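J.: So here's my_file_37.pdb (PDB, C-alpha atoms, pLDDT in the B column).
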ATOM      1  CA  MET A   1       3.913  14.917  18.984  1.00 47.00           C
ATOM      2  CA  HIS A   2       1.663  14.552  15.936  1.00 53.00           C
ATOM      3  CA  PHE A   3       3.052  16.331  12.890  1.00 54.00           C
ATOM      4  CA  ASP A   4      -0.232  16.499  10.970  1.00 54.00           C
ATOM      5  CA  SER A   5      -1.142  19.998  12.093  1.00 59.00           C
ATOM      6  CA  VAL A   6       2.229  21.412  13.165  1.00 57.00           C
ATOM      7  CA  THR A   7       3.271  24.556  11.311  1.00 63.00           C
ATOM      8  CA  PRO A   8       6.890  25.352  10.381  1.00 57.00           C
ATOM      9  CA  THR A   9       6.791  28.199  12.903  1.00 58.00           C
ATOM     10  CA  GLU A  10       6.009  25.677  15.667  1.00 58.00           C
ATOM     11  CA  PHE A  11       9.145  23.814  14.577  1.00 54.00           C
ATOM     12  CA  GLY A  12      11.076  27.047  15.025  1.00 52.00           C
ATOM     13  CA  VAL A  13      11.419  27.703  11.291  1.00 58.00           C
ATOM     14  CA  TYR A  14      11.245  31.370  10.317  1.00 58.00           C
ATOM     15  CA  LEU A  15       9.537  31.696   6.957  1.00 59.00           C
ATOM     16  CA  GLY A  16      10.904  34.789   5.268  1.00 66.00           C
ATOM     17  CA  ASP A  17      10.174  35.459   1.578  1.00 69.00           C
ATOM     18  CA  GLU A  18      12.923  33.124   0.379  1.00 70.00           C
ATOM     19  CA  ASN A  19      11.860  30.344   2.730  1.00 77.00           C
ATOM     20  CA  MET A  20       8.241  30.846   1.735  1.00 79.00           C
ATOM     21  CA  ASP A  21       9.223  30.306  -1.911  1.00 81.00           C
ATOM     22  CA  LEU A  22      11.129  27.162  -0.897  1.00 82.00           C
ATOM     23  CA  LYS A  23       8.124  25.968   1.085  1.00 84.00           C
ATOM     24  CA  ASN A  24       5.804  26.551  -1.884  1.00 86.00           C
ATOM     25  CA  ASP A  25       8.193  24.766  -4.278  1.00 85.00           C
ATOM     26  CA  LEU A  26       8.544  21.865  -1.869  1.00 85.00           C
ATOM     27  CA  GLU A  27       4.775  21.565  -1.441  1.00 89.00           C
ATOM     28  CA  ARG A  28       4.298  21.621  -5.226  1.00 90.00           C
ATOM     29  CA  LEU A  29       6.925  18.942  -5.828  1.00 89.00           C
ATOM     30  CA  ILE A  30       5.786  16.660  -3.025  1.00 89.00           C
ATOM     31  CA  GLU A  31       2.216  16.976  -4.306  1.00 90.00           C
ATOM     32  CA  ALA A  32       3.448  16.075  -7.817  1.00 89.00           C
ATOM     33  CA  LEU A  33       5.206  12.961  -6.481  1.00 86.00           C
ATOM     34  CA  MET A  34       2.129  11.924  -4.516  1.00 88.00           C
ATOM     35  CA  THR A  35      -0.090  12.533  -7.546  1.00 86.00           C
ATOM     36  CA  TYR A  36       2.185  10.401  -9.737  1.00 84.00           C
ATOM     37  CA  LYS A  37       2.132   7.597  -7.173  1.00 82.00           C
ATOM     38  CA  GLY A  38      -1.659   7.919  -6.874  1.00 81.00           C
ATOM     39  CA  ASP A  39      -2.059   7.853 -10.657  1.00 81.00           C
ATOM     40  CA  CYS A  40      -0.036   4.613 -10.810  1.00 78.00           C
ATOM     41  CA  ALA A  41      -2.230   3.088  -8.097  1.00 75.00           C
ATOM     42  CA  PHE A  42      -5.408   4.309  -9.803  1.00 75.00           C
ATOM     43  CA  LYS A  43      -4.329   2.785 -13.132  1.00 74.00           C
ATOM     44  CA  GLU A  44      -3.624  -0.548 -11.479  1.00 70.00           C
ATOM     45  CA  ILE A  45      -6.941  -0.463  -9.613  1.00 70.00           C
ATOM     46  CA  SER A  46      -8.808   0.502 -12.797  1.00 70.00           C
ATOM     47  CA  ASP A  47      -7.209  -2.401 -14.646  1.00 66.00           C
ATOM     48  CA  THR A  48      -8.474  -4.842 -12.007  1.00 64.00           C
ATOM     49  CA  ASP A  49     -12.060  -3.519 -11.891  1.00 64.00           C
ATOM     50  CA  THR A  50     -12.290  -3.117  -8.118  1.00 61.00           C
ATOM     51  CA  ASP A  51     -15.540  -1.135  -8.056  1.00 62.00           C
ATOM     52  CA  SER A  52     -17.348  -3.991  -6.343  1.00 73.00           C
ATOM     53  CA  LEU A  53     -14.775  -4.324  -3.519  1.00 80.00           C
ATOM     54  CA  THR A  54     -15.020  -2.614  -0.161  1.00 82.00           C
ATOM     55  CA  MET A  55     -11.999  -1.233   1.687  1.00 81.00           C
ATOM     56  CA  LYS A  56     -12.431  -3.981   4.288  1.00 86.00           C
ATOM     57  CA  GLN A  57     -12.227  -6.608   1.538  1.00 87.00           C
ATOM     58  CA  VAL A  58      -9.061  -5.016   0.183  1.00 85.00           C
ATOM     59  CA  GLU A  59      -7.620  -5.184   3.705  1.00 88.00           C
ATOM     60  CA  TYR A  60      -8.532  -8.899   3.851  1.00 91.00           C
ATOM     61  CA  LEU A  61      -6.649  -9.405   0.582  1.00 93.00           C
ATOM     62  CA  LYS A  62      -3.578  -7.662   2.004  1.00 91.00           C
ATOM     63  CA  VAL A  63      -3.655  -9.867   5.098  1.00 94.00           C
ATOM     64  CA  ILE A  64      -4.076 -13.034   3.028  1.00 94.00           C
ATOM     65  CA  ASP A  65      -1.189 -11.899   0.828  1.00 94.00           C
ATOM     66  CA  ASP A  66       1.025 -11.376   3.881  1.00 93.00           C
ATOM     67  CA  MET A  67       0.051 -14.779   5.278  1.00 92.00           C
ATOM     68  CA  GLU A  68       0.571 -16.464   1.871  1.00 82.00           C
ATOM     69  CA  ALA A  69      -1.531 -19.632   2.187  1.00 86.00           C
ATOM     70  CA  THR A  70      -3.753 -19.568   5.251  1.00 92.00           C
ATOM     71  CA  THR A  71      -6.889 -21.169   6.632  1.00 94.00           C
ATOM     72  CA  ILE A  72     -10.185 -19.618   7.691  1.00 94.00           C
ATOM     73  CA  SER A  73      -9.281 -20.343  11.328  1.00 94.00           C
ATOM     74  CA  ASN A  74      -5.885 -18.653  11.090  1.00 94.00           C
ATOM     75  CA  LEU A  75      -7.338 -15.677   9.241  1.00 94.00           C
ATOM     76  CA  ALA A  76     -10.146 -15.305  11.788  1.00 94.00           C
ATOM     77  CA  ALA A  77      -7.679 -15.472  14.670  1.00 94.00           C
ATOM     78  CA  PHE A  78      -5.387 -12.908  13.048  1.00 93.00           C
ATOM     79  CA  LEU A  79      -8.255 -10.517  12.275  1.00 93.00           C
ATOM     80  CA  GLU A  80      -9.858 -11.185  15.659  1.00 94.00           C
ATOM     81  CA  LEU A  81     -13.156 -12.055  13.994  1.00 93.00           C
ATOM     82  CA  THR A  82     -15.429 -15.074  14.154  1.00 95.00           C
ATOM     83  CA  LYS A  83     -14.957 -17.924  11.707  1.00 95.00           C
ATOM     84  CA  PRO A  84     -18.488 -17.469  10.239  1.00 95.00           C
ATOM     85  CA  THR A  85     -17.758 -13.774   9.542  1.00 94.00           C
ATOM     86  CA  VAL A  86     -14.482 -14.589   7.808  1.00 94.00           C
ATOM     87  CA  THR A  87     -16.061 -17.513   5.936  1.00 94.00           C
ATOM     88  CA  GLU A  88     -18.716 -15.216   4.434  1.00 95.00           C
ATOM     89  CA  SER A  89     -16.119 -12.634   3.451  1.00 93.00           C
ATOM     90  CA  VAL A  90     -13.918 -15.281   1.837  1.00 94.00           C
ATOM     91  CA  LYS A  91     -16.916 -16.640  -0.098  1.00 95.00           C
ATOM     92  CA  ARG A  92     -17.599 -13.155  -1.480  1.00 94.00           C
ATOM     93  CA  LEU A  93     -13.942 -12.701  -2.400  1.00 95.00           C
ATOM     94  CA  GLN A  94     -13.982 -16.099  -4.074  1.00 95.00           C
ATOM     95  CA  LYS A  95     -17.027 -15.098  -6.174  1.00 94.00           C
ATOM     96  CA  MET A  96     -15.119 -11.946  -7.212  1.00 92.00           C
ATOM     97  CA  ASP A  97     -12.178 -14.107  -8.345  1.00 93.00           C
ATOM     98  CA  CYS A  98      -9.858 -12.629  -5.714  1.00 93.00           C
ATOM     99  CA  VAL A  99      -9.179 -15.748  -3.638  1.00 95.00           C
ATOM    100  CA  ALA A 100      -9.136 -19.478  -4.227  1.00 95.00           C
ATOM    101  CA  LYS A 101      -9.459 -22.413  -1.859  1.00 94.00           C
ATOM    102  CA  HIS A 102      -7.176 -25.445  -2.113  1.00 92.00           C
ATOM    103  CA  ARG A 103      -7.464 -28.691  -0.168  1.00 91.00           C
ATOM    104  CA  CYS A 104      -4.401 -29.773   1.762  1.00 86.00           C
ATOM    105  CA  SER A 105      -2.809 -32.799   0.081  1.00 88.00           C
ATOM    106  CA  LYS A 106      -1.956 -34.360   3.470  1.00 88.00           C
ATOM    107  CA  ASP A 107      -5.261 -33.639   5.211  1.00 87.00           C
ATOM    108  CA  GLY A 108      -8.226 -33.149   2.885  1.00 84.00           C
ATOM    109  CA  ARG A 109     -10.261 -31.558   5.683  1.00 88.00           C
ATOM    110  CA  ILE A 110      -8.019 -28.495   5.628  1.00 91.00           C
ATOM    111  CA  GLN A 111      -8.592 -25.835   3.001  1.00 92.00           C
ATOM    112  CA  TYR A 112      -6.002 -23.183   2.303  1.00 94.00           C
ATOM    113  CA  ILE A 113      -6.952 -19.747   1.049  1.00 95.00           C
ATOM    114  CA  THR A 114      -4.667 -18.114  -1.490  1.00 94.00           C
ATOM    115  CA  LEU A 115      -4.925 -15.065  -3.686  1.00 95.00           C
ATOM    116  CA  THR A 116      -5.719 -15.355  -7.352  1.00 94.00           C
ATOM    117  CA  GLU A 117      -3.768 -13.229  -9.818  1.00 92.00           C
ATOM    118  CA  ARG A 118      -6.496 -10.570  -9.562  1.00 91.00           C
ATOM    119  CA  GLY A 119      -6.377 -10.696  -5.752  1.00 92.00           C
ATOM    120  CA  GLU A 120      -2.593 -10.301  -5.780  1.00 91.00           C
ATOM    121  CA  ARG A 121      -2.777  -7.246  -8.035  1.00 88.00           C
ATOM    122  CA  ILE A 122      -5.329  -5.600  -5.754  1.00 88.00           C
ATOM    123  CA  ALA A 123      -3.472  -6.486  -2.541  1.00 88.00           C
ATOM    124  CA  ARG A 124      -0.173  -5.211  -3.915  1.00 88.00           C
ATOM    125  CA  VAL A 125      -1.359  -1.963  -5.509  1.00 85.00           C
ATOM    126  CA  GLU A 126       0.492   0.198  -2.974  1.00 80.00           C
ATOM    127  CA  ALA A 127       3.744  -1.674  -3.509  1.00 83.00           C
ATOM    128  CA  PHE A 128       3.220  -1.453  -7.270  1.00 85.00           C
ATOM    129  CA  SER A 129       2.687   2.315  -7.215  1.00 85.00           C
ATOM    130  CA  THR A 130       5.776   2.777  -5.016  1.00 85.00           C
ATOM    131  CA  GLU A 131       7.798   0.665  -7.442  1.00 88.00           C
ATOM    132  CA  MET A 132       6.582   2.778 -10.365  1.00 88.00           C
ATOM    133  CA  LEU A 133       7.624   5.974  -8.538  1.00 89.00           C
ATOM    134  CA  VAL A 134      11.049   4.499  -7.750  1.00 91.00           C
ATOM    135  CA  ASN A 135      11.476   3.458 -11.390  1.00 91.00           C
ATOM    136  CA  ARG A 136      10.619   6.981 -12.536  1.00 90.00           C
ATOM    137  CA  ILE A 137      13.194   8.442 -10.148  1.00 92.00           C
ATOM    138  CA  LEU A 138      15.829   5.982 -11.386  1.00 93.00           C
ATOM    139  CA  LEU A 139      15.052   6.928 -15.001  1.00 93.00           C
ATOM    140  CA  LYS A 140      15.231  10.674 -14.336  1.00 93.00           C
ATOM    141  CA  LEU A 141      18.265  10.816 -12.013  1.00 92.00           C
ATOM    142  CA  ASN A 142      21.805   9.583 -12.499  1.00 95.00           C
ATOM    143  CA  GLY A 143      23.539   7.448  -9.859  1.00 93.00           C
ATOM    144  CA  ASP A 144      25.039  10.385  -7.941  1.00 95.00           C
ATOM    145  CA  GLU A 145      21.722  12.254  -7.906  1.00 94.00           C
ATOM    146  CA  THR A 146      19.916   9.120  -6.722  1.00 93.00           C
ATOM    147  CA  ARG A 147      22.423   8.605  -3.899  1.00 94.00           C
ATOM    148  CA  GLN A 148      22.052  12.274  -2.927  1.00 94.00           C
ATOM    149  CA  LEU A 149      18.252  11.927  -2.877  1.00 92.00           C
ATOM    150  CA  ILE A 150      18.553   8.823  -0.687  1.00 92.00           C
ATOM    151  CA  VAL A 151      20.756  10.702   1.805  1.00 93.00           C
ATOM    152  CA  LEU A 152      18.290  13.601   1.904  1.00 91.00           C
ATOM    153  CA  LEU A 153      15.256  11.354   2.307  1.00 90.00           C
ATOM    154  CA  GLU A 154      16.996   9.414   5.073  1.00 91.00           C
ATOM    155  CA  LYS A 155      17.698  12.706   6.809  1.00 89.00           C
ATOM    156  CA  ILE A 156      14.011  13.676   6.553  1.00 87.00           C
ATOM    157  CA  THR A 157      12.707  10.291   7.732  1.00 85.00           C
ATOM    158  CA  ASP A 158      15.246   9.820  10.547  1.00 84.00           C
ATOM    159  CA  GLU A 159      13.207   9.853  13.763  1.00 75.00           C
ATOM    160  CA  SER A 160      16.075  10.689  16.107  1.00 64.00           C
TER     161      SER A 160
END
Can you give me the file's structure in the form of structure tokens?

T.:
Amino acid sequence: MHFDSVTPTEFGVYLGDENMDLKNDLERLIEALMTYKGDCAFKEISDTDTDSLTMKQVEYLKVIDDMEATTISNLAAFLELTKPTVTESVKRLQKMDCVAKHRCSKDGRIQYITLTERGERIARVEAFSTEMLVNRILLKLNGDETRQLIVLLEKITDES
């Protein structure tokens, strides 16, 4: 079942006046949390001047970050693309100071692709914004409140 378009009524939740107020408060607060997280991500993206990057290029950076140091061949195989396609994309990312190539010290024919500091910041923007949200929660809540929030969030995200 996809939950994107399911209404509370379809879940069997009766929304009386009190529940409607709770629903509205919950929507407002969740939106505020998402906005805060988005603002953190936007600030990080603004600081790295990503206007010239496409979403596909950002995805490449995330994959390279996950793979740590990789080669064109490995990246092409992982992305299920041709080596010439990946080579062109890596060249563009290199010109944008997002990736660097390093020759293997044992076999000079092999070049490893790694992220530059700028590339890392772009690839990790989601993790950064999540960390900022977590830090805000930790600053605003005491230990007991944080543990209570964790229990409640686990209850919400439990798929059983």

J.: Compile the contact shell of Phe128 in chain A as a list in words: residues with an atom at most 12 Å away, counting only C-alpha atoms, same-chain residues fewer than 5 positions apart removed.

T.: Lys37, Gly38, Asp39, Cys40, Ala41, Phe42, Lys43, Glu44, Ile45, Glu120, Arg121, Ile122, Ala123, Leu133, Val134 and Asn135 of chain A

J.: Just checking: using all atoms listed in the file, which residue out of A:Ala32, A:Leu53, A:Leu139, A:Leu79 ends up closest to Asp97 in chain A?

T.: A:Leu53

J.: In Å to one decimal, how far is CA of Arg124 in chain A from CA of Asp66 in chain A?

T.: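 So the two atoms, CA of Asp66 in chain A and CA of Arg124 in chain A, lie 10.0 Å apart.
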
J.: Taking only C-alpha atoms into account, name the residue in A:Lys155, A:Asp65, A:Tyr60, A:Glu126 that is nearest to Leu81 in chain A.

T.: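 Closest residue, counting only C-alpha atoms: A:Tyr60.
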
J.: Running the PyMOL selection byres ((chain A and resi 64) around 9) on this model by hand, what would come out? Give it as a list in words.

T.: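 For this structure, the PyMOL selection byres ((chain A and resi 64) around 9) resolves to Glu59, Tyr60, Leu61, Lys62, Val63, Asp65, Asp66, Met67, Glu68, Ala69, Thr70, Leu75, Val99, Ile113, Thr114, Leu115 and Ala123 of chain A.
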
J.: Have a look at CA of Glu159 in chain A and CA of Asn142 in chain A and let me know their distance in Å, one decimal.

T.: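 According to the coordinates, CA of Glu159 in chain A and CA of Asn142 in chain A are separated by 27.6 Å.
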
J.: Rounded to one decimal, what separation in Å do you get between CA of Glu117 in chain A and CA of Lys101 in chain A?

T.: 13.4 Å

J.: Running the PyMOL selection byres ((chain A and resi 90) around 9) on this model by hand, what would come out? Give it as a VMD selection string.

T.: chain A and resid 57 60 72 85 to 89 91 to 95 98 to 100 113

J.: For range 83-105 of chain A, supply N, CA and C atoms and report the output as a PDB file, in the frame of the given file.

T.:
ATOM      1  N   LYS A  83     -15.133 -17.128  12.924  1.00 95.00           N
ATOM      2  CA  LYS A  83     -14.957 -17.924  11.707  1.00 95.00           C
ATOM      3  C   LYS A  83     -16.124 -17.742  10.736  1.00 95.00           C
ATOM      4  N   PRO A  84     -17.394 -17.685  11.192  1.00 95.00           N
ATOM      5  CA  PRO A  84     -18.488 -17.469  10.239  1.00 95.00           C
ATOM      6  C   PRO A  84     -18.373 -16.125   9.495  1.00 95.00           C
ATOM      7  N   THR A  85     -17.931 -15.082  10.184  1.00 94.00           N
ATOM      8  CA  THR A  85     -17.758 -13.774   9.542  1.00 94.00           C
ATOM      9  C   THR A  85     -16.700 -13.848   8.453  1.00 94.00           C
ATOM     10  N   VAL A  86     -15.576 -14.463   8.772  1.00 94.00           N
ATOM     11  CA  VAL A  86     -14.482 -14.589   7.808  1.00 94.00           C
ATOM     12  C   VAL A  86     -14.885 -15.516   6.667  1.00 94.00           C
ATOM     13  N   THR A  87     -15.610 -16.586   6.976  1.00 94.00           N
ATOM     14  CA  THR A  87     -16.061 -17.513   5.936  1.00 94.00           C
ATOM     15  C   THR A  87     -16.918 -16.797   4.901  1.00 94.00           C
ATOM     16  N   GLU A  88     -17.847 -15.968   5.360  1.00 95.00           N
ATOM     17  CA  GLU A  88     -18.716 -15.216   4.434  1.00 95.00           C
ATOM     18  C   GLU A  88     -17.902 -14.255   3.576  1.00 95.00           C
ATOM     19  N   SER A  89     -16.958 -13.577   4.200  1.00 93.00           N
ATOM     20  CA  SER A  89     -16.119 -12.634   3.451  1.00 93.00           C
ATOM     21  C   SER A  89     -15.276 -13.361   2.404  1.00 93.00           C
ATOM     22  N   VAL A  90     -14.737 -14.500   2.777  1.00 94.00           N
ATOM     23  CA  VAL A  90     -13.918 -15.281   1.837  1.00 94.00           C
ATOM     24  C   VAL A  90     -14.786 -15.789   0.681  1.00 94.00           C
ATOM     25  N   LYS A  91     -16.009 -16.197   0.977  1.00 95.00           N
ATOM     26  CA  LYS A  91     -16.916 -16.640  -0.098  1.00 95.00           C
ATOM     27  C   LYS A  91     -17.162 -15.513  -1.096  1.00 95.00           C
ATOM     28  N   ARG A  92     -17.381 -14.305  -0.587  1.00 94.00           N
ATOM     29  CA  ARG A  92     -17.599 -13.155  -1.480  1.00 94.00           C
ATOM     30  C   ARG A  92     -16.349 -12.878  -2.319  1.00 94.00           C
ATOM     31  N   LEU A  93     -15.194 -12.937  -1.678  1.00 95.00           N
ATOM     32  CA  LEU A  93     -13.942 -12.701  -2.400  1.00 95.00           C
ATOM     33  C   LEU A  93     -13.688 -13.789  -3.443  1.00 95.00           C
ATOM     34  N   GLN A  94     -14.123 -14.990  -3.127  1.00 95.00           N
ATOM     35  CA  GLN A  94     -13.982 -16.099  -4.074  1.00 95.00           C
ATOM     36  C   GLN A  94     -14.881 -15.868  -5.296  1.00 95.00           C
ATOM     37  N   LYS A  95     -16.111 -15.395  -5.068  1.00 94.00           N
ATOM     38  CA  LYS A  95     -17.027 -15.098  -6.174  1.00 94.00           C
ATOM     39  C   LYS A  95     -16.493 -13.979  -7.056  1.00 94.00           C
ATOM     40  N   MET A  96     -15.701 -13.066  -6.466  1.00 92.00           N
ATOM     41  CA  MET A  96     -15.119 -11.946  -7.212  1.00 92.00           C
ATOM     42  C   MET A  96     -13.783 -12.326  -7.857  1.00 92.00           C
ATOM     43  N   ASP A  97     -13.431 -13.601  -7.784  1.00 93.00           N
ATOM     44  CA  ASP A  97     -12.178 -14.107  -8.345  1.00 93.00           C
ATOM     45  C   ASP A  97     -10.952 -13.430  -7.726  1.00 93.00           C
ATOM     46  N   CYS A  98     -10.997 -13.221  -6.416  1.00 93.00           N
ATOM     47  CA  CYS A  98      -9.858 -12.629  -5.714  1.00 93.00           C
ATOM     48  C   CYS A  98      -9.110 -13.662  -4.871  1.00 93.00           C
ATOM     49  N   VAL A  99      -9.816 -14.677  -4.413  1.00 95.00           N
ATOM     50  CA  VAL A  99      -9.179 -15.748  -3.638  1.00 95.00           C
ATOM     51  C   VAL A  99      -9.623 -17.105  -4.178  1.00 95.00           C
ATOM     52  N   ALA A 100      -8.809 -18.100  -3.865  1.00 95.00           N
ATOM     53  CA  ALA A 100      -9.136 -19.478  -4.227  1.00 95.00           C
ATOM     54  C   ALA A 100      -8.909 -20.351  -3.000  1.00 95.00           C
ATOM     55  N   LYS A 101      -9.647 -21.447  -2.941  1.00 94.00           N
ATOM     56  CA  LYS A 101      -9.459 -22.413  -1.859  1.00 94.00           C
ATOM     57  C   LYS A 101      -8.819 -23.665  -2.451  1.00 94.00           C
ATOM     58  N   HIS A 102      -7.882 -24.231  -1.689  1.00 92.00           N
ATOM     59  CA  HIS A 102      -7.176 -25.445  -2.113  1.00 92.00           C
ATOM     60  C   HIS A 102      -7.149 -26.423  -0.948  1.00 92.00           C
ATOM     61  N   ARG A 103      -7.527 -27.655  -1.217  1.00 91.00           N
ATOM     62  CA  ARG A 103      -7.464 -28.691  -0.168  1.00 91.00           C
ATOM     63  C   ARG A 103      -6.014 -29.087   0.090  1.00 91.00           C
ATOM     64  N   CYS A 104      -5.726 -29.314   1.360  1.00 86.00           N
ATOM     65  CA  CYS A 104      -4.401 -29.773   1.762  1.00 86.00           C
ATOM     66  C   CYS A 104      -4.198 -31.191   1.247  1.00 86.00           C
ATOM     67  N   SER A 105      -3.067 -31.462   0.639  1.00 88.00           N
ATOM     68  CA  SER A 105      -2.809 -32.799   0.081  1.00 88.00           C
ATOM     69  C   SER A 105      -2.622 -33.843   1.183  1.00 88.00           C
TER      70      SER A 105
END
